[in-house]
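Next up, data-v1.txt (compact mmCIF, C-alpha atoms):
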# COMPACT_ATOMS: atom_id res chain seq x y z
CA MET R 1 4.33 -18.37 -8.44
CA TRP R 2 4.89 -14.62 -7.93
CA LEU R 3 2.57 -12.46 -10.03
CA SER R 4 1.57 -15.34 -12.28
CA PHE R 5 -0.37 -13.20 -14.70
CA LEU R 6 1.10 -9.72 -14.47
CA GLU R 7 2.34 -10.04 -18.02
CA GLU R 8 -1.31 -9.76 -19.07
CA VAL R 9 -1.91 -6.65 -16.99
CA LEU R 10 1.29 -4.80 -17.88
CA ASP R 11 1.98 -6.33 -21.30
CA ILE R 12 5.38 -7.61 -20.15
CA SER R 13 6.65 -11.15 -19.67
CA LEU R 14 7.39 -11.89 -16.03
CA CYS R 15 6.40 -15.53 -15.67
CA GLY R 16 4.98 -18.48 -17.54
CA ASP R 17 2.20 -18.58 -20.09
CA GLY R 18 -1.03 -16.98 -18.89
CA ASP R 19 -4.68 -17.37 -19.70
CA ASP R 20 -5.65 -14.76 -22.28
CA SER R 21 -9.36 -14.93 -21.53
CA ALA R 22 -10.84 -11.71 -20.16
CA ALA R 23 -13.18 -11.88 -17.17
CA ASP R 24 -15.66 -9.21 -16.13
CA ILE R 25 -13.77 -7.31 -13.44
CA VAL R 26 -16.79 -6.70 -11.22
CA THR R 27 -17.69 -10.39 -11.17
CA SER R 28 -14.05 -11.27 -10.59
CA VAL R 29 -13.52 -8.92 -7.65
CA MET R 30 -16.76 -10.03 -6.01
CA LEU R 31 -15.70 -13.66 -6.31
CA LEU R 32 -12.42 -12.70 -4.70
CA GLY R 33 -14.19 -10.83 -1.90
CA GLY R 34 -16.67 -13.66 -1.37
CA ASP R 35 -13.90 -16.22 -1.06
CA ASP R 36 -12.10 -13.87 1.35
CA VAL R 37 -15.15 -13.57 3.61
CA ASP R 38 -15.89 -17.29 3.51
CA ARG R 39 -12.22 -18.27 3.91
CA ARG R 40 -12.46 -20.79 1.10
CA GLU R 41 -9.76 -21.69 -1.39
CA PHE R 42 -9.26 -19.11 -4.11
CA PHE R 43 -9.79 -19.71 -7.79
CA ALA R 44 -6.75 -19.89 -10.05
CA ALA R 45 -4.98 -16.56 -10.45
CA SER R 46 -5.02 -16.81 -14.23
CA ALA R 47 -8.83 -16.61 -14.15
CA ALA R 48 -8.94 -13.59 -11.86
CA VAL R 49 -8.00 -10.73 -14.14
CA GLY R 50 -7.65 -10.40 -17.89
CA LEU R 51 -6.51 -7.53 -20.03
CA ALA R 52 -8.01 -4.11 -19.36
CA ASP R 53 -11.48 -4.02 -20.88
CA ALA R 54 -12.28 -0.50 -22.07
CA GLU R 55 -15.90 -1.47 -22.74
CA ALA R 56 -16.63 -2.88 -19.27
CA ILE R 57 -18.25 0.31 -17.99
CA VAL R 58 -20.09 0.86 -21.27
CA ARG R 59 -21.65 -2.59 -21.02
CA ARG R 60 -22.79 -1.99 -17.44
CA ALA R 61 -24.02 1.57 -17.91
CA ASP R 62 -27.66 2.37 -18.72
CA ARG R 63 -28.85 -1.17 -18.20
CA PRO R 64 -31.64 -2.41 -15.92
CA GLY R 65 -30.65 -2.90 -12.30
CA PRO R 66 -32.12 -3.21 -8.82
CA VAL R 67 -31.19 0.33 -7.67
CA ARG R 68 -30.51 3.72 -9.23
CA VAL R 69 -26.92 4.82 -8.50
CA GLY R 70 -25.64 8.39 -8.57
CA ALA R 71 -22.96 10.66 -7.15
CA GLY R 72 -24.19 10.05 -3.59
CA GLU R 73 -23.33 6.35 -3.70
CA VAL R 74 -19.89 7.13 -5.13
CA THR R 75 -19.29 9.58 -2.29
CA ALA R 76 -20.42 6.94 0.21
CA VAL R 77 -17.83 4.46 -1.07
CA ARG R 78 -15.06 7.03 -0.86
CA THR R 79 -16.12 8.13 2.63
CA MET R 80 -16.16 4.55 3.90
CA THR R 81 -12.76 3.89 2.33
CA THR R 82 -11.33 6.95 4.09
CA THR R 83 -12.86 5.94 7.42
CA LEU R 84 -11.63 2.35 7.20
CA GLY R 85 -8.21 3.53 6.02
CA ASN R 86 -7.86 5.87 8.99
CA ALA R 87 -8.69 3.03 11.38
CA ALA R 88 -6.18 0.72 9.69
CA SER R 89 -3.44 3.38 9.77
CA GLU R 90 -3.99 3.77 13.50
CA LEU R 91 -4.49 0.17 14.60
CA GLY R 92 -3.25 -1.99 11.73
CA GLY R 93 -4.90 -3.73 8.83
CA GLY R 94 -5.93 -6.72 10.92
CA HIS R 95 -8.61 -4.76 12.75
CA ALA R 96 -10.96 -3.90 9.91
CA ARG R 97 -10.27 -5.93 6.77
CA HIS R 98 -13.27 -8.23 6.99
CA LEU R 99 -15.51 -5.24 7.62
CA ALA R 100 -14.13 -3.63 4.44
CA VAL R 101 -14.61 -6.85 2.46
CA ARG R 102 -18.23 -7.19 3.57
CA TYR R 103 -18.89 -3.59 2.63
CA LEU R 104 -17.44 -4.34 -0.82
CA THR R 105 -19.38 -7.55 -1.38
CA VAL R 106 -22.72 -6.33 -0.01
CA ASP R 107 -23.23 -2.58 -0.44
CA VAL R 108 -20.80 -1.80 -3.26
CA ARG R 109 -21.77 -4.91 -5.19
CA ARG R 110 -25.42 -3.83 -5.17
CA TRP R 111 -24.45 -0.46 -6.64
CA LEU R 112 -22.14 -1.95 -9.26
CA ASP R 113 -25.06 -4.13 -10.37
CA GLY R 114 -27.40 -1.12 -10.32
CA ARG R 115 -28.48 1.45 -12.92
CA TYR R 116 -26.09 4.30 -13.71
CA THR R 117 -24.78 6.51 -16.50
CA ARG R 118 -21.34 6.07 -18.03
CA THR R 119 -20.02 9.06 -16.08
CA VAL R 120 -21.25 7.66 -12.77
CA GLY R 121 -19.97 4.24 -13.81
CA ARG R 122 -16.43 5.55 -14.27
CA ASP R 123 -16.54 7.27 -10.87
CA LEU R 124 -17.97 4.14 -9.25
CA PHE R 125 -15.25 1.92 -10.75
CA ALA R 126 -12.61 4.39 -9.54
CA ALA R 127 -14.05 4.53 -6.01
CA THR R 128 -14.24 0.72 -5.94
CA SER R 129 -10.60 0.58 -7.06
CA GLU R 130 -9.66 2.67 -4.01
CA LEU R 131 -11.57 0.38 -1.66
CA VAL R 132 -10.11 -2.76 -3.23
CA HIS R 133 -6.60 -1.31 -2.98
CA LEU R 134 -7.18 -0.59 0.70
CA ILE R 135 -8.31 -4.18 1.30
CA GLY R 136 -5.15 -5.38 -0.44
CA TRP R 137 -3.06 -3.16 1.84
CA MET R 138 -4.91 -4.55 4.86
CA ALA R 139 -4.27 -8.14 3.75
CA ARG R 140 -0.59 -7.37 3.31
CA ASP R 141 -0.47 -5.75 6.75
CA GLU R 142 -1.85 -9.00 8.14
CA GLY R 143 0.91 -10.95 6.39
CA ASN R 144 -1.35 -12.47 3.72
CA GLN R 145 0.83 -11.70 0.72
CA GLY R 146 -0.94 -13.83 -1.89
CA LEU R 147 -4.34 -12.38 -1.07
CA SER R 148 -2.91 -8.86 -1.10
CA GLN R 149 -1.45 -9.43 -4.55
CA LYS R 150 -4.85 -10.43 -5.94
CA TYR R 151 -6.60 -7.39 -4.51
CA HIS R 152 -3.94 -5.03 -5.87
CA LEU R 153 -4.25 -6.58 -9.32
CA HIS R 154 -8.02 -6.15 -9.22
CA SER R 155 -7.55 -2.55 -8.09
CA PHE R 156 -5.27 -1.96 -11.08
CA GLN R 157 -7.85 -3.46 -13.42
CA LEU R 158 -10.70 -1.35 -12.07
CA ALA R 159 -8.58 1.81 -12.25
CA ALA R 160 -7.44 1.07 -15.80
CA GLU R 161 -11.02 0.52 -16.93
CA ALA R 162 -12.05 3.80 -15.27
CA GLY R 163 -9.19 5.63 -17.01
CA GLU R 164 -7.64 6.67 -13.66
CA ASP R 165 -3.85 6.86 -14.01
CA GLU R 166 -3.27 7.78 -10.39
CA LEU R 167 -5.20 4.82 -9.01
CA ALA R 168 -3.58 2.45 -11.50
CA ALA R 169 -0.12 3.72 -10.55
CA THR R 170 -0.94 3.34 -6.86
CA ALA R 171 -1.92 -0.30 -7.39
CA LEU R 172 1.37 -0.89 -9.21
CA ARG R 173 3.18 0.79 -6.33
CA GLY R 174 1.62 -1.64 -3.88
CA LEU R 175 2.75 -4.58 -5.98
CA ALA R 176 6.27 -3.16 -6.39
CA ASP R 177 6.70 -2.61 -2.65
CA GLN R 178 5.42 -6.10 -1.97
CA ALA R 179 7.87 -7.57 -4.47
CA VAL R 180 10.78 -5.75 -2.77
CA GLU R 181 9.79 -7.10 0.64
CA LEU R 182 9.52 -10.66 -0.69
CA GLY R 183 12.87 -10.49 -2.48
CA HIS R 184 11.56 -10.52 -6.05
CA VAL R 185 13.82 -7.61 -6.95
CA PRO R 186 13.84 -7.76 -10.79
CA THR R 187 10.03 -7.93 -10.77
CA ALA R 188 9.93 -5.06 -8.26
CA VAL R 189 12.08 -2.89 -10.52
CA ARG R 190 9.87 -3.50 -13.57
CA LEU R 191 6.70 -2.80 -11.58
CA ALA R 192 8.20 0.34 -10.06
CA GLU R 193 9.27 1.55 -13.51
CA ALA R 194 5.73 1.00 -14.82
CA CYS R 195 4.36 2.85 -11.78
CA GLU R 196 6.70 5.83 -12.27
CA ARG R 197 5.99 6.01 -16.01
CA ARG R 198 2.26 6.16 -15.43
CA GLY R 199 2.77 8.71 -12.67
CA ARG R 200 4.51 11.13 -15.03
CA LYS R 201 1.09 12.02 -16.42
CA LEU R 202 0.23 13.59 -13.05
CA ASP R 203 2.48 16.64 -13.14
CA GLY R 204 -0.17 18.67 -11.33
CA ASN R 205 -0.10 16.28 -8.37
CA PRO R 206 3.36 16.59 -6.74
CA LYS R 207 2.53 14.26 -3.87
CA ALA R 208 1.71 11.49 -6.33
CA LEU R 209 4.92 12.15 -8.26
CA SER R 210 6.97 11.93 -5.05
CA TYR R 211 5.11 8.79 -4.02
CA TYR R 212 5.88 6.93 -7.24
CA ARG R 213 9.46 8.17 -7.65
CA ASN R 214 10.37 6.97 -4.18
CA THR R 215 8.87 3.61 -5.14
CA LEU R 216 11.36 3.32 -7.99
CA ALA R 217 14.15 4.59 -5.73
CA ARG R 218 13.42 1.82 -3.24
CA ALA R 219 13.36 -0.89 -5.90
CA ALA R 220 16.57 0.44 -7.47
CA ALA R 221 18.31 0.49 -4.08
CA ALA R 222 17.27 -3.13 -3.51
CA ASP R 223 18.73 -3.93 -6.94
CA GLY R 224 22.05 -2.26 -6.12
CA ASP R 225 21.45 0.51 -8.66
CA ARG R 226 22.71 3.43 -6.61
CA ALA R 227 22.63 5.95 -9.47
CA THR R 228 18.96 5.40 -10.24
CA ALA R 229 18.06 5.32 -6.55
CA LEU R 230 19.73 8.67 -5.88
CA LYS R 231 18.23 10.22 -9.03
CA MET R 232 14.72 9.16 -8.00
CA LEU R 233 15.28 10.26 -4.38
CA SER R 234 16.21 13.70 -5.61
CA ALA R 235 13.20 13.85 -7.94
CA ALA R 236 10.89 12.71 -5.13
CA GLN R 237 12.23 15.42 -2.82
CA THR R 238 11.77 18.09 -5.49
CA ALA R 239 8.15 16.99 -5.94
CA ILE R 240 7.26 16.80 -2.23
CA GLU R 241 8.79 20.23 -1.59
CA ARG R 242 6.31 21.83 -3.99
CA ALA R 243 3.33 19.87 -2.66
CA PRO R 244 0.55 21.74 -0.82
CA THR R 245 0.63 21.45 2.95
CA LEU R 246 -3.07 20.71 3.31
CA PRO R 247 -4.25 17.28 2.11
CA GLY R 248 -6.12 17.17 -1.17
CA GLN R 249 -8.85 14.90 -2.48
CA SER R 250 -6.67 12.59 -4.57
CA TRP R 251 -5.76 9.06 -3.54
CA ALA R 252 -2.07 9.98 -3.22
CA SER R 253 -2.79 13.05 -1.08
CA HIS R 254 -2.17 10.98 2.06
CA TYR R 255 1.52 10.81 1.09
CA SER R 256 2.64 13.30 3.67
CA TYR R 257 6.01 14.93 4.26
CA GLY R 258 6.42 12.53 7.17
CA ARG R 259 5.88 9.45 5.02
CA TRP R 260 8.25 10.84 2.41
CA ALA R 261 10.92 11.40 5.08
CA HIS R 262 10.46 7.87 6.47
CA GLU R 263 10.67 6.17 3.10
CA SER R 264 13.61 8.29 1.98
CA GLY R 265 15.42 7.51 5.21
CA MET R 266 15.06 3.76 4.71
CA ILE R 267 16.23 4.02 1.09
CA HIS R 268 19.33 5.91 2.28
CA ALA R 269 19.87 3.19 4.90
CA LYS R 270 19.74 0.54 2.18
CA LEU R 271 22.35 2.52 0.25
CA GLY R 272 24.55 2.64 3.36
CA ASP R 273 24.11 6.36 4.03
CA LEU R 274 23.27 5.87 7.70
CA ALA R 275 23.76 9.44 8.93
CA VAL R 276 21.41 10.75 6.23
CA ALA R 277 18.99 7.95 7.02
CA GLU R 278 18.86 8.86 10.72
CA GLU R 279 18.36 12.51 9.85
CA HIS R 280 15.36 11.66 7.66
CA LEU R 281 13.79 9.35 10.25
CA ASN R 282 14.10 12.00 12.96
CA LEU R 283 12.61 14.48 10.49
CA ALA R 284 9.63 12.17 10.03
CA LEU R 285 9.06 11.87 13.77
CA ASP R 286 9.94 15.29 15.13
CA ILE R 287 9.31 17.81 12.38
CA HIS R 288 6.49 16.35 10.33
CA GLY R 289 4.93 14.67 13.33
CA ILE R 290 3.85 11.22 12.15
CA ASP R 291 1.13 10.53 14.69
CA ARG R 292 -0.69 7.38 13.54
CA ARG R 293 0.21 4.76 16.11
CA ARG R 294 1.00 2.01 13.63
CA THR R 295 3.04 4.28 11.35
CA ARG R 296 4.90 6.00 14.19
CA ALA R 297 5.78 2.63 15.74
CA ILE R 298 7.24 1.39 12.43
CA VAL R 299 9.37 4.52 12.08
CA LEU R 300 10.64 4.09 15.65
CA ALA R 301 11.59 0.47 15.01
CA ASP R 302 13.47 1.48 11.87
CA LEU R 303 15.20 4.38 13.61
CA GLY R 304 16.45 2.08 16.37
CA HIS R 305 18.02 -0.26 13.81
CA VAL R 306 19.77 2.65 12.09
CA GLN R 307 21.04 3.95 15.43
CA LEU R 308 22.35 0.50 16.30
CA LYS R 309 24.21 0.24 12.98
CA ARG R 310 25.79 3.62 13.75
CA GLY R 311 27.08 2.26 17.09
CA ALA R 312 24.61 4.12 19.34
CA ALA R 313 23.30 1.12 21.30
CA GLY R 314 21.88 3.20 24.16
CA ALA R 315 19.93 5.43 21.78
CA ALA R 316 18.62 2.35 19.96
CA VAL R 317 17.32 0.82 23.19
CA ALA R 318 15.60 4.08 24.17
CA THR R 319 13.99 4.34 20.73
CA TRP R 320 12.80 0.72 20.87
CA ARG R 321 11.26 1.30 24.30
CA GLU R 322 9.19 4.10 22.77
CA PHE R 323 8.33 1.78 19.87
CA LEU R 324 6.98 -0.90 22.19
CA THR R 325 4.73 1.59 23.99
CA CYS R 326 3.45 3.00 20.70
CA ALA R 327 2.76 -0.49 19.29
CA GLU R 328 0.39 -1.58 22.06
CA GLY R 329 -2.88 -2.85 20.58
CA VAL R 330 -1.73 -2.56 16.95
CA ARG R 331 -2.32 -5.61 14.74
CA SER R 332 0.20 -5.53 11.93
CA VAL R 333 2.78 -7.95 10.57
CA ARG R 334 5.16 -4.98 10.34
CA ILE R 335 4.89 -4.56 14.12
CA GLU R 336 5.41 -8.27 14.75
CA ASP R 337 8.43 -8.30 12.46
CA GLY R 338 9.79 -5.29 14.33
CA LEU R 339 9.41 -7.09 17.65
CA THR R 340 11.13 -10.20 16.33
CA ASN R 341 14.04 -8.23 14.90
CA ILE R 342 14.53 -6.21 18.08
CA ALA R 343 14.38 -9.31 20.30
CA ALA R 344 17.04 -10.99 18.15
CA ARG R 345 19.43 -8.06 18.56
CA LEU R 346 18.95 -7.21 22.22
CA PRO R 347 21.22 -9.90 23.72
CA SER R 348 24.24 -8.44 21.93
CA VAL R 349 23.25 -4.79 22.20
CA SER R 350 23.71 -3.84 25.81
CA ASP R 351 23.73 -5.26 29.31
CA SER R 352 22.03 -2.16 30.71
CA PRO R 353 18.93 -2.34 32.93
CA GLU R 354 16.99 -0.57 30.15
CA ALA R 355 17.84 -3.32 27.65
CA ALA R 356 16.90 -6.02 30.15
CA GLU R 357 13.58 -4.31 30.85
CA LEU R 358 12.87 -4.03 27.13
CA SER R 359 13.61 -7.71 26.59
CA GLU R 360 11.22 -8.63 29.41
CA ARG R 361 8.47 -6.47 27.95
CA ILE R 362 8.84 -8.09 24.53
CA SER R 363 8.79 -11.57 26.07
CA ALA R 364 5.63 -10.70 28.05
CA ARG R 365 3.92 -9.44 24.89
CA ALA R 366 4.61 -12.74 23.10
Show me, as structure tokens, the structure contained in the file I just sent.
Amino acid sequence: MWLSFLEEVLDISLCGDGDDSAADIVTSVMLLGGDDVDRREFFAASAAVGLADAEAIVRRADRPGPVRVGAGEVTAVRTMTTTLGNAASELGGGHARHLAVRYLTVDVRRWLDGRYTRTVGRDLFAATSELVHLIGWMARDEGNQGLSQKYHLHSFQLAAEAGEDELAATALRGLADQAVELGHVPTAVRLAEACERRGRKLDGNPKALSYYRNTLARAAAADGDRATALKMLSAAQTAIERAPTLPGQSWASHYSYGRWAHESGMIHAKLGDLAVAEEHLNLALDIHGIDRRRTRAIVLADLGHVQLKRGAAGAAVATWREFLTCAEGVRSVRIEDGLTNIAARLPSVSDSPEAAELSERISARA
């Protein structure tokens, strides 16, 4: 069942009755990571995460532990998360997820069970939330939706207990996007609304505001709510236009102008505004220079579909040829879905030599 216990996390009713018992989030996420590494069956979702426990860090702080933990260990977690995230953005989540999980369940676990002050504890929970969110994104990029959902929920819990609105909103964003992709549109809308509400507290972080408002725009477009989608698209653009050019230190600082343009383009495509959609996708590629191989390949696949819908079959084939070259060596379900969708459309697209060559290349890759 989709999001079987989100009503506990968000205090809304989305599914059946849940288990109200609260579990220690550190123990819970390590059980999840251990099962992930060992490839065993997972415990019931209702036992994974309870309500946010404001005293979790207090209970763990200033207690005996095997190692003393300070700001250096927190920095190490964040550095590793950045490094692993960069690799996944380039080559796909399938390349490094188990490495990230082992880092979580070995190194980070030892620090979470160590000795630290309340201040360090909050920072450590926040850094762990970032790592857990990344693992959830990696699982989703591999096509493992159920596992991704569990990691995102644990990321939300860790962020909530650390008092980090941005990280909590980012976890909700991941769940909302996942719900859209799986067709759970009403759930996606409610998650996206919760994400955007929490994000309003971050007025000094325009990239985060744009990130979360486009999330609600996407969910609203999927729900056929054109007015809300356009309102949020406009708000997201206003926010990204006042964002600093150089990346910051926040979790949402990776939301670049290019990513904004890509997402906005696909929302416009969903609304049927194909000319605007193509303009945004070209903006993402040519002006803002999306250069991660995985991300650039996804934008190219999407651009080809928009061009095809606009009747430009030759342009679509040329774009898809560039996509196939860019996608070499990338392990991502988004890439595989792109290949499948292109292959299904090629027979009716064009009888040109370029289309025939592209079809042969896709067949050889399979």
Selection as a PyMOL selection string: residues within 6 Å of (4.2, 3.9, 18.1), counting all atoms listed in the file = chain R and resi 293-294+296-297+323+326-327
Between R:Glu166, R:Asp223, R:Asp123, R:Glu279, which one has atoms that come closest to Asp203 of chain R, using only C-alpha atoms?
->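 Among the listed residues, R:Glu166 lies closest to Asp203 of chain R.
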So how many Å separate atom CA of Thr215 of chain R and atom CA of Thr81 of chain R, to one decimal?
-> 22.9 Å
Judged by only C-alpha atoms, the minimum distance to Ala96 of chain R among R:Val330, R:Ala284, R:Ile298, R:Val317 is found for R:Val330
Name all residues at most 10 Å from segment 191-197 of chain R (count only C-alpha atoms; drop same-chain ones fewer than 3 positions away) and give them as a ChimeraX atom specification.
-> /R:6,10,12,165-166,168-177,179-180,185-188,200-202,208-220,232
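Here the residues that fall within 10 Å of (-20.6, -2.3, 0.2), using all atoms listed in the file, are given as Glu73, Ala76, Val77, Met80, Leu99, Ala100, Val101, Arg102, Tyr103, Leu104, Thr105, Val106, Asp107, Val108, Arg109, Arg110, Trp111, Leu112, Thr128 and Leu131 of chain R.
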Go ahead and write the residues just picked, C-alpha atoms, as an mmCIF file, in the frame of the given file.
data_model
loop_
_atom_site.group_PDB
_atom_site.id
_atom_site.type_symbol
_atom_site.label_atom_id
_atom_site.label_comp_id
_atom_site.auth_asym_id
_atom_site.auth_seq_id
_atom_site.Cartn_x
_atom_site.Cartn_y
_atom_site.Cartn_z
ATOM 1 C CA GLU R 73 -23.330 6.350 -3.700
ATOM 2 C CA ALA R 76 -20.420 6.940 0.210
ATOM 3 C CA VAL R 77 -17.830 4.460 -1.070
ATOM 4 C CA MET R 80 -16.160 4.550 3.900
ATOM 5 C CA LEU R 99 -15.510 -5.240 7.620
ATOM 6 C CA ALA R 100 -14.130 -3.630 4.440
ATOM 7 C CA VAL R 101 -14.610 -6.850 2.460
ATOM 8 C CA ARG R 102 -18.230 -7.190 3.570
ATOM 9 C CA TYR R 103 -18.890 -3.590 2.630
ATOM 10 C CA LEU R 104 -17.440 -4.340 -0.820
ATOM 11 C CA THR R 105 -19.380 -7.550 -1.380
ATOM 12 C CA VAL R 106 -22.720 -6.330 -0.010
ATOM 13 C CA ASP R 107 -23.230 -2.580 -0.440
ATOM 14 C CA VAL R 108 -20.800 -1.800 -3.260
ATOM 15 C CA ARG R 109 -21.770 -4.910 -5.190
ATOM 16 C CA ARG R 110 -25.420 -3.830 -5.170
ATOM 17 C CA TRP R 111 -24.450 -0.460 -6.640
ATOM 18 C CA LEU R 112 -22.140 -1.950 -9.260
ATOM 19 C CA THR R 128 -14.240 0.720 -5.940
ATOM 20 C CA LEU R 131 -11.570 0.380 -1.660
#
Give me, please, the distance in Å between atom CA of Ile25 of chain R and atom CA of Thr119 of chain R, quoted to one decimal.
-> 17.7 Å
Within 12 Å of Thr340 of chain R, counting only C-alpha atoms, which residues qualify if same-chain residues fewer than 6 places away don't, as a list in words?
-> Ala301, Trp320, Leu324, Val333, Arg334, Leu346, Ser359, Ile362, Ser363, Arg365 and Ala366 of chain R
Of the residues R:Lys150, R:His184, R:Lys207, R:Arg198, which is the one nearest to Trp251 of chain R, using all atoms listed in the file?
-> R:Lys207
